[in-house]
file my_file_28.txt (compact mmCIF, C-alpha atoms)
# COMPACT_ATOMS: atom_id res chain seq x y z
CA MET A 5 -3.31 -19.12 -5.77
CA ASN A 6 -1.74 -17.36 -8.75
CA SER A 7 1.55 -15.73 -7.75
CA ASP A 8 0.77 -12.83 -10.12
CA THR A 9 -2.06 -11.64 -7.88
CA PRO A 10 -1.49 -9.28 -4.99
CA ALA A 11 -2.64 -11.96 -2.58
CA ASN A 12 0.87 -11.89 -1.22
CA ARG A 13 0.98 -8.07 -1.44
CA CYS A 14 4.48 -8.25 -2.99
CA PRO A 15 5.18 -11.91 -3.70
CA ALA A 16 8.57 -11.79 -5.41
CA LEU A 17 10.05 -8.39 -5.89
CA SER A 18 12.94 -8.59 -8.31
CA ARG A 19 16.20 -6.92 -7.39
CA ALA A 20 15.38 -4.16 -9.86
CA THR A 21 11.94 -3.59 -8.36
CA SER A 22 13.40 -3.67 -4.84
CA SER A 23 16.02 -1.12 -5.91
CA LEU A 24 13.32 1.09 -7.42
CA LEU A 25 11.28 0.89 -4.22
CA ALA A 26 14.33 1.65 -2.06
CA GLY A 27 15.18 4.63 -4.28
CA LEU A 28 11.64 5.98 -4.01
CA VAL A 29 11.64 5.64 -0.23
CA LEU A 30 15.05 7.33 0.03
CA THR A 31 13.84 10.20 -2.18
CA ILE A 32 10.77 10.71 -0.01
CA ILE A 33 12.84 10.55 3.17
CA LEU A 34 15.25 13.16 1.82
CA ILE A 35 12.34 15.39 0.84
CA ALA A 36 10.61 14.94 4.20
CA VAL A 37 13.65 15.37 6.48
CA PRO A 38 13.49 19.20 6.40
CA ALA A 39 9.84 18.89 7.42
CA ARG A 40 10.82 17.40 10.80
CA ALA A 41 10.23 20.74 12.49
CA GLN A 42 6.60 20.31 11.57
CA SER A 43 4.42 23.37 11.21
CA PRO A 44 0.78 23.04 12.29
CA ASP A 45 -0.25 22.67 8.62
CA LEU A 46 2.16 19.77 8.15
CA GLU A 47 0.93 18.15 11.34
CA ASP A 48 -2.61 18.40 9.94
CA ALA A 49 -1.37 16.90 6.67
CA ARG A 50 0.32 14.06 8.56
CA ALA A 51 -2.94 13.31 10.39
CA ALA A 52 -4.87 13.44 7.09
CA VAL A 53 -2.46 11.02 5.38
CA ARG A 54 -2.62 8.61 8.34
CA ALA A 55 -6.43 8.75 8.23
CA ALA A 56 -6.39 8.18 4.46
CA ASP A 57 -4.14 5.12 4.78
CA ILE A 58 -6.35 3.66 7.51
CA ALA A 59 -9.51 4.33 5.44
CA PHE A 60 -7.78 2.80 2.39
CA ALA A 61 -7.18 -0.40 4.38
CA GLU A 62 -10.74 -0.33 5.70
CA ALA A 63 -12.09 -0.14 2.13
CA VAL A 64 -10.39 -3.47 1.40
CA ALA A 65 -11.57 -4.99 4.70
CA GLN A 66 -15.13 -4.03 3.69
CA ARG A 67 -14.51 -5.46 0.21
CA ASN A 68 -15.57 -2.08 -1.20
CA ARG A 69 -13.93 -1.89 -4.63
CA GLU A 70 -15.20 1.63 -5.41
CA LEU A 71 -13.99 3.09 -2.13
CA PHE A 72 -10.63 1.36 -2.59
CA ALA A 73 -10.31 2.88 -6.07
CA SER A 74 -11.08 6.35 -4.70
CA PHE A 75 -7.76 6.35 -2.79
CA ILE A 76 -5.65 5.55 -5.87
CA ALA A 77 -4.34 8.20 -8.27
CA GLU A 78 -5.20 7.58 -11.92
CA ASP A 79 -1.48 7.39 -12.76
CA ALA A 80 -0.51 5.19 -9.79
CA THR A 81 2.01 2.35 -9.90
CA PHE A 82 1.80 -0.64 -7.56
CA LEU A 83 4.78 -2.95 -7.12
CA GLY A 84 4.41 -6.61 -6.34
CA GLY A 85 4.38 -9.64 -8.58
CA GLY A 86 5.42 -7.12 -11.22
CA LEU A 87 4.47 -3.53 -11.93
CA THR A 88 0.83 -2.60 -12.26
CA GLN A 89 0.20 0.86 -13.65
CA GLY A 90 -3.01 2.86 -13.60
CA ARG A 91 -5.91 2.86 -11.16
CA ASP A 92 -8.16 0.62 -13.28
CA ALA A 93 -5.47 -2.04 -13.73
CA ILE A 94 -4.65 -1.93 -10.02
CA VAL A 95 -8.29 -2.45 -9.05
CA VAL A 96 -8.49 -5.44 -11.42
CA ASP A 97 -5.22 -6.84 -10.05
CA TRP A 98 -6.54 -6.61 -6.49
CA GLY A 99 -9.87 -8.27 -7.42
CA ILE A 100 -9.25 -11.32 -5.22
CA PHE A 101 -9.74 -9.11 -2.16
CA PHE A 102 -13.18 -7.87 -3.24
CA ALA A 103 -14.95 -11.14 -4.02
CA ALA A 104 -17.80 -11.80 -1.60
CA GLY A 105 -16.52 -14.43 0.82
CA GLY A 106 -13.32 -14.27 -1.23
CA PRO A 107 -10.37 -16.58 -0.79
CA ALA A 108 -7.96 -13.93 0.51
CA THR A 109 -7.84 -10.99 2.88
CA ILE A 110 -5.27 -8.29 3.37
CA THR A 111 -4.93 -5.89 6.27
CA TRP A 112 -2.39 -3.18 6.96
CA ALA A 113 -1.74 -0.28 9.29
CA PRO A 114 0.73 2.57 9.08
CA HIS A 115 3.28 3.02 11.85
CA THR A 116 5.17 5.92 10.24
CA VAL A 117 3.82 8.91 8.32
CA GLU A 118 6.04 11.66 6.92
CA VAL A 119 5.01 14.70 4.89
CA ALA A 120 7.32 16.67 2.61
CA ALA A 121 7.97 20.31 3.52
CA SER A 122 5.90 21.29 0.47
CA GLY A 123 2.85 19.69 2.13
CA ASP A 124 1.73 17.91 -1.05
CA LEU A 125 3.73 14.67 -0.94
CA ALA A 126 3.91 12.07 1.83
CA TYR A 127 4.64 8.46 2.57
CA THR A 128 3.35 5.85 4.98
CA LEU A 129 5.25 2.82 6.23
CA GLY A 130 3.60 -0.04 8.02
CA GLU A 131 3.00 -3.74 8.36
CA PHE A 132 0.68 -5.84 6.22
CA GLU A 133 -0.85 -9.29 6.64
CA VAL A 134 -2.35 -11.51 3.92
CA ARG A 135 -4.42 -14.56 4.74
CA ALA A 136 -5.12 -17.00 1.94
CA ALA A 137 -5.00 -20.67 1.04
CA GLY A 138 -1.55 -21.89 0.14
CA PRO A 139 -0.75 -24.06 -2.88
CA ASP A 140 -1.75 -27.11 -0.85
CA GLY A 141 -5.13 -25.54 0.04
CA ARG A 142 -4.20 -25.07 3.70
CA PRO A 143 -4.51 -21.62 5.30
CA GLN A 144 -1.43 -19.43 5.26
CA LYS A 145 -0.56 -16.10 6.77
CA SER A 146 1.99 -13.83 5.12
CA THR A 147 3.37 -10.68 6.69
CA GLY A 148 5.69 -7.91 5.58
CA THR A 149 6.34 -4.19 5.47
CA TYR A 150 4.81 -1.78 2.95
CA VAL A 151 5.38 1.76 1.78
CA SER A 152 2.79 3.95 0.11
CA ILE A 153 3.64 7.28 -1.44
CA TRP A 154 0.78 9.77 -1.35
CA ARG A 155 0.16 12.94 -3.36
CA LYS A 156 -2.29 15.67 -2.40
CA ASP A 157 -4.88 16.19 -5.15
CA SER A 158 -6.19 19.56 -6.25
CA ASP A 159 -9.38 18.88 -4.27
CA GLY A 160 -7.32 18.42 -1.07
CA SER A 161 -7.69 14.63 -0.90
CA TRP A 162 -4.68 12.34 -0.63
CA LYS A 163 -4.14 9.65 -3.30
CA VAL A 164 -1.67 6.78 -3.45
CA VAL A 165 0.76 7.22 -6.37
CA VAL A 166 3.19 4.37 -5.57
CA ASP A 167 2.67 1.33 -3.36
CA GLY A 168 4.87 -1.65 -2.67
CA GLY A 169 6.42 -3.72 0.03
CA THR A 170 8.87 -6.34 1.11
CA PRO A 171 8.50 -9.93 -0.02
CA PRO A 172 6.18 -11.48 2.57
CA GLU A 173 7.19 -14.07 5.12
CA THR A 174 4.69 -16.92 5.17
CA THR A 175 3.66 -19.18 8.04
CA GLY A 176 1.64 -22.31 7.45
CA ALA A 177 -1.04 -22.29 10.11
CA GLY A 178 -2.70 -19.04 9.17
CA GLU A 179 -2.98 -18.21 12.83
call {"tool": "encode", "arguments": {"input": "my_file_28.txt", "output": "C-alpha cells"}}
result
Amino acid sequence: MNSDTPANRCPALSRATSSLLAGLVLTIILIAVPARAQSPDLEDARAAVRAADIAFAEAVAQRNRELFASFIAEDATFLGGGLTQGRDAIVVDWGIFFAAGGPATITWAPHTVEVAASGDLAYTLGEFEVRAAGPDGRPQKSTGTYVSIWRKDSDGSWKVVVDGGTPPETTGAGE
C-alpha cells in the first residue's frame, strides 16, 4: 500500500504537521472553554456535530463518495501523509476507501465534542481504525486518535475544515 494514501489515516506526521495539529487543537480548546456552561443552543449544536461526525464515518463505511464529500468544506485541509487541501483533492486522496470491495477500510467514532461559544465552530476527538493489507500482503489493523474541526455553514450544516490524527499504531493480525 502506498504510504501517501490515507489508508493509515495519518501515516507519518512530521514534527511540523504534528505541531500544526496541536496548535489547532489548543486554539479550539481555548475557544470552547468558555462554552462549558453550555446554553441549550450549544447543547443542540454539540448533538448536531456529533451526529455529523457519525454520519461522516458512516458515509465511508457505505463507500459513498458523494455523501463523504458532502461533509467536507470546499476549503478543507486534511493532515496525514502530507497536507491535502480542498474537498476535491481530499476525496481523490481517500479513493482507496470507496472502491467496491476495496483493499482498505476505515472506521472512527467521536468520544469528545466541543462547540465554541459562538456556536459556529466545533471539534470532535475520537479513535480511528484502519484495516488494510500490509507491505507483505498480510492483514493489518492500525489504530489512533483523530481530531476534526467543524464549521457551521450558512445553511446550518456542519462541515469539516481540518482533519488529522496521531500516527497509527499497527498490529499484524488485523484482528
call {"tool": "closest_residue", "arguments": {"input": "my_file_28.txt", "among": "A:Ala137, A:Ile76, A:Val119, A:Val95", "to": "Asp48 (chain A)", "atoms": "only C-alpha atoms"}}
result
A:Val119
call {"tool": "closest_residue", "arguments": {"input": "my_file_28.txt", "among": "A:Ala80, A:Ala59, A:Ile153, A:Leu71", "to": "Glu118 (chain A)", "atoms": "all atoms listed in the file"}}
result
A:Ile153
call {"tool": "residues_around", "arguments": {"input": "my_file_28.txt", "residues": "Ala51 (chain A)", "least_positions_apart": "4", "cutoff": "12 Å", "atoms": "only C-alpha atoms", "output": "list in words"}}
result
Gln42, Pro44, Asp45, Leu46, Glu47, Ala55, Ala56, Asp57, Ile58, Pro114, Thr116, Val117, Glu118, Val119, Gly123, Ala126, Tyr127, Thr128 and Trp162 of chain A
call {"tool": "closest_residue", "arguments": {"input": "my_file_28.txt", "among": "A:Ser152, A:Thr175, A:Thr88, A:Thr170", "to": "Ala113 (chain A)", "atoms": "all atoms listed in the file"}}
result
A:Ser152
call {"tool": "closest_residue", "arguments": {"input": "my_file_28.txt", "among": "A:Ala120, A:Ala73, A:Ala136, A:Val165", "to": "Asp97 (chain A)", "atoms": "all atoms listed in the file"}}
result
A:Ala73
call {"tool": "axis_aligned_box", "arguments": {"input": "my_file_28.txt", "around": "region 82-88 of chain A", "padding_each_side": "8 Å", "output": "AutoDock Vina command-line options"}}
result
--center_x 3.1 --center_y -5.1 --center_z -9.3 --size_x 20.6 --size_y 25.0 --size_z 21.9
call {"tool": "atom_distance", "arguments": {"input": "my_file_28.txt", "atom1": "CA of Ser146 (chain A)", "atom2": "CA of Ala103 (chain A)"}}
result
19.4 Å
call {"tool": "closest_residue", "arguments": {"input": "my_file_28.txt", "among": "A:Gly90, A:Pro107, A:Gly85, A:Gly99", "to": "Pro143 (chain A)", "atoms": "only C-alpha atoms"}}
result
A:Pro107
call {"tool": "closest_residue", "arguments": {"input": "my_file_28.txt", "among": "A:Thr149, A:Ser158, A:Gln144, A:Thr81", "to": "Ala108 (chain A)", "atoms": "all atoms listed in the file"}}
result
A:Gln144
call {"tool": "atom_distance", "arguments": {"input": "my_file_28.txt", "atom1": "CA of Glu173 (chain A)", "atom2": "CA of Glu133 (chain A)"}}
result
9.5 Å
call {"tool": "residues_around", "arguments": {"input": "my_file_28.txt", "residues": "Gly160 (chain A)", "least_positions_apart": "2", "cutoff": "10 Å", "atoms": "only C-alpha atoms", "output": "number ranges by chain"}}
result
A: 49, 52, 124, 155-158, 162-163
call {"tool": "atom_distance", "arguments": {"input": "my_file_28.txt", "atom1": "CA of Val53 (chain A)", "atom2": "CA of Gly106 (chain A)"}}
result
28.3 Å
call {"tool": "residues_around", "arguments": {"input": "my_file_28.txt", "residues": "Gln89 (chain A)", "least_positions_apart": "3", "cutoff": "12 Å", "atoms": "all atoms listed in the file", "output": "short mmCIF file (atom, residue, chain, number, x, y, z; two decimals) with C-alpha atoms, keeping the file's coordinate frame"}}
result
data_model
loop_
_atom_site.label_atom_id
_atom_site.label_comp_id
_atom_site.auth_asym_id
_atom_site.auth_seq_id
_atom_site.Cartn_x
_atom_site.Cartn_y
_atom_site.Cartn_z
CA ILE A 76 -5.65 5.55 -5.87
CA ALA A 77 -4.34 8.20 -8.27
CA GLU A 78 -5.20 7.58 -11.92
CA ASP A 79 -1.48 7.39 -12.76
CA ALA A 80 -0.51 5.19 -9.79
CA THR A 81 2.01 2.35 -9.90
CA PHE A 82 1.80 -0.64 -7.56
CA LEU A 83 4.78 -2.95 -7.12
CA GLY A 84 4.41 -6.61 -6.34
CA GLY A 86 5.42 -7.12 -11.22
CA ASP A 92 -8.16 0.62 -13.28
CA ALA A 93 -5.47 -2.04 -13.73
CA ILE A 94 -4.65 -1.93 -10.02
CA VAL A 95 -8.29 -2.45 -9.05
CA VAL A 96 -8.49 -5.44 -11.42
CA ASP A 97 -5.22 -6.84 -10.05
CA VAL A 164 -1.67 6.78 -3.45
CA VAL A 165 0.76 7.22 -6.37
CA VAL A 166 3.19 4.37 -5.57
CA ASP A 167 2.67 1.33 -3.36
#
call {"tool": "decode", "arguments": {"input": "my_file_28.txt", "residues": "region 86-127 of chain A", "atoms": "N, CA and C atoms", "output": "short mmCIF file (atom, residue, chain, number, x, y, z; two decimals), in the first residue's frame"}}
result
data_model
loop_
_atom_site.label_atom_id
_atom_site.label_comp_id
_atom_site.auth_asym_id
_atom_site.auth_seq_id
_atom_site.Cartn_x
_atom_site.Cartn_y
_atom_site.Cartn_z
N GLY A 86 1.04 13.96 4.57
CA GLY A 86 1.22 15.26 3.93
C GLY A 86 -0.06 16.06 4.08
N LEU A 87 -0.07 17.25 3.55
CA LEU A 87 -1.27 18.09 3.59
C LEU A 87 -2.05 17.89 2.30
N THR A 88 -3.34 17.73 2.43
CA THR A 88 -4.22 17.69 1.26
C THR A 88 -5.21 18.82 1.44
N GLN A 89 -5.27 19.70 0.45
CA GLN A 89 -6.13 20.87 0.57
C GLN A 89 -7.21 20.85 -0.50
N GLY A 90 -8.42 21.19 -0.07
CA GLY A 90 -9.57 21.27 -0.97
C GLY A 90 -10.35 19.98 -0.99
N ARG A 91 -11.69 20.14 -0.99
CA ARG A 91 -12.58 18.97 -0.95
C ARG A 91 -12.29 17.98 -2.07
N ASP A 92 -12.16 18.45 -3.31
CA ASP A 92 -11.96 17.52 -4.43
C ASP A 92 -10.68 16.71 -4.27
N ALA A 93 -9.60 17.35 -3.85
CA ALA A 93 -8.33 16.64 -3.65
C ALA A 93 -8.44 15.64 -2.51
N ILE A 94 -9.16 16.00 -1.47
CA ILE A 94 -9.34 15.10 -0.33
C ILE A 94 -10.11 13.85 -0.75
N VAL A 95 -11.17 14.05 -1.52
CA VAL A 95 -11.96 12.90 -1.99
C VAL A 95 -11.11 11.98 -2.86
N VAL A 96 -10.28 12.55 -3.72
CA VAL A 96 -9.37 11.73 -4.54
C VAL A 96 -8.39 10.99 -3.63
N ASP A 97 -7.81 11.69 -2.67
CA ASP A 97 -6.83 11.09 -1.76
C ASP A 97 -7.41 9.93 -0.97
N TRP A 98 -8.68 10.01 -0.63
CA TRP A 98 -9.34 8.96 0.14
C TRP A 98 -9.97 7.87 -0.75
N GLY A 99 -9.67 7.88 -2.04
CA GLY A 99 -10.30 6.97 -3.00
C GLY A 99 -10.22 5.50 -2.64
N ILE A 100 -9.14 5.08 -1.98
CA ILE A 100 -8.96 3.67 -1.62
C ILE A 100 -10.14 3.16 -0.77
N PHE A 101 -10.77 4.05 -0.02
CA PHE A 101 -11.86 3.63 0.86
C PHE A 101 -13.21 3.53 0.14
N PHE A 102 -13.27 3.93 -1.13
CA PHE A 102 -14.54 3.93 -1.84
C PHE A 102 -14.62 2.88 -2.94
N ALA A 103 -13.53 2.20 -3.22
CA ALA A 103 -13.52 1.16 -4.24
C ALA A 103 -14.39 0.00 -3.77
N ALA A 104 -15.25 -0.47 -4.67
CA ALA A 104 -16.11 -1.62 -4.34
C ALA A 104 -15.22 -2.79 -3.96
N GLY A 105 -15.48 -3.36 -2.78
CA GLY A 105 -14.65 -4.46 -2.29
C GLY A 105 -13.21 -4.04 -2.10
N GLY A 106 -13.01 -2.75 -1.87
CA GLY A 106 -11.68 -2.14 -1.79
C GLY A 106 -10.75 -2.79 -0.80
N PRO A 107 -9.48 -2.47 -0.94
CA PRO A 107 -8.45 -3.11 -0.12
C PRO A 107 -8.32 -2.55 1.29
N ALA A 108 -9.04 -1.47 1.60
CA ALA A 108 -8.87 -0.86 2.93
C ALA A 108 -10.21 -0.35 3.45
N THR A 109 -10.33 -0.37 4.77
CA THR A 109 -11.49 0.23 5.42
C THR A 109 -11.00 1.12 6.54
N ILE A 110 -11.79 2.12 6.84
CA ILE A 110 -11.50 2.99 7.97
C ILE A 110 -12.80 3.24 8.72
N THR A 111 -12.72 3.17 10.02
CA THR A 111 -13.87 3.48 10.87
C THR A 111 -13.39 4.45 11.95
N TRP A 112 -14.31 5.24 12.45
CA TRP A 112 -13.99 6.13 13.56
C TRP A 112 -15.25 6.51 14.31
N ALA A 113 -15.07 6.97 15.52
CA ALA A 113 -16.20 7.41 16.34
C ALA A 113 -15.70 8.49 17.30
N PRO A 114 -16.48 9.56 17.42
CA PRO A 114 -16.08 10.62 18.34
C PRO A 114 -16.35 10.23 19.79
N HIS A 115 -15.43 10.60 20.68
CA HIS A 115 -15.70 10.44 22.11
C HIS A 115 -15.82 11.80 22.80
N THR A 116 -15.36 12.85 22.14
CA THR A 116 -15.44 14.20 22.70
C THR A 116 -15.93 15.15 21.62
N VAL A 117 -16.87 16.00 21.98
CA VAL A 117 -17.36 17.04 21.06
C VAL A 117 -17.43 18.33 21.86
N GLU A 118 -16.81 19.37 21.35
CA GLU A 118 -16.87 20.69 21.98
C GLU A 118 -17.28 21.71 20.94
N VAL A 119 -18.07 22.69 21.35
CA VAL A 119 -18.54 23.75 20.47
C VAL A 119 -18.10 25.08 21.06
N ALA A 120 -17.58 25.95 20.19
CA ALA A 120 -17.17 27.28 20.62
C ALA A 120 -18.39 28.07 21.09
N ALA A 121 -18.16 29.04 21.97
CA ALA A 121 -19.24 29.87 22.50
C ALA A 121 -20.00 30.57 21.38
N SER A 122 -19.35 30.83 20.27
CA SER A 122 -20.01 31.48 19.12
C SER A 122 -21.04 30.56 18.47
N GLY A 123 -20.91 29.25 18.68
CA GLY A 123 -21.86 28.29 18.12
C GLY A 123 -21.61 27.94 16.67
N ASP A 124 -20.52 28.43 16.07
CA ASP A 124 -20.29 28.15 14.65
C ASP A 124 -18.98 27.43 14.37
N LEU A 125 -18.28 27.01 15.42
CA LEU A 125 -17.04 26.29 15.29
C LEU A 125 -17.02 25.20 16.35
N ALA A 126 -16.51 24.01 15.99
CA ALA A 126 -16.51 22.89 16.92
C ALA A 126 -15.38 21.94 16.57
N TYR A 127 -15.10 21.03 17.48
CA TYR A 127 -14.17 19.96 17.16
C TYR A 127 -14.69 18.66 17.75
#
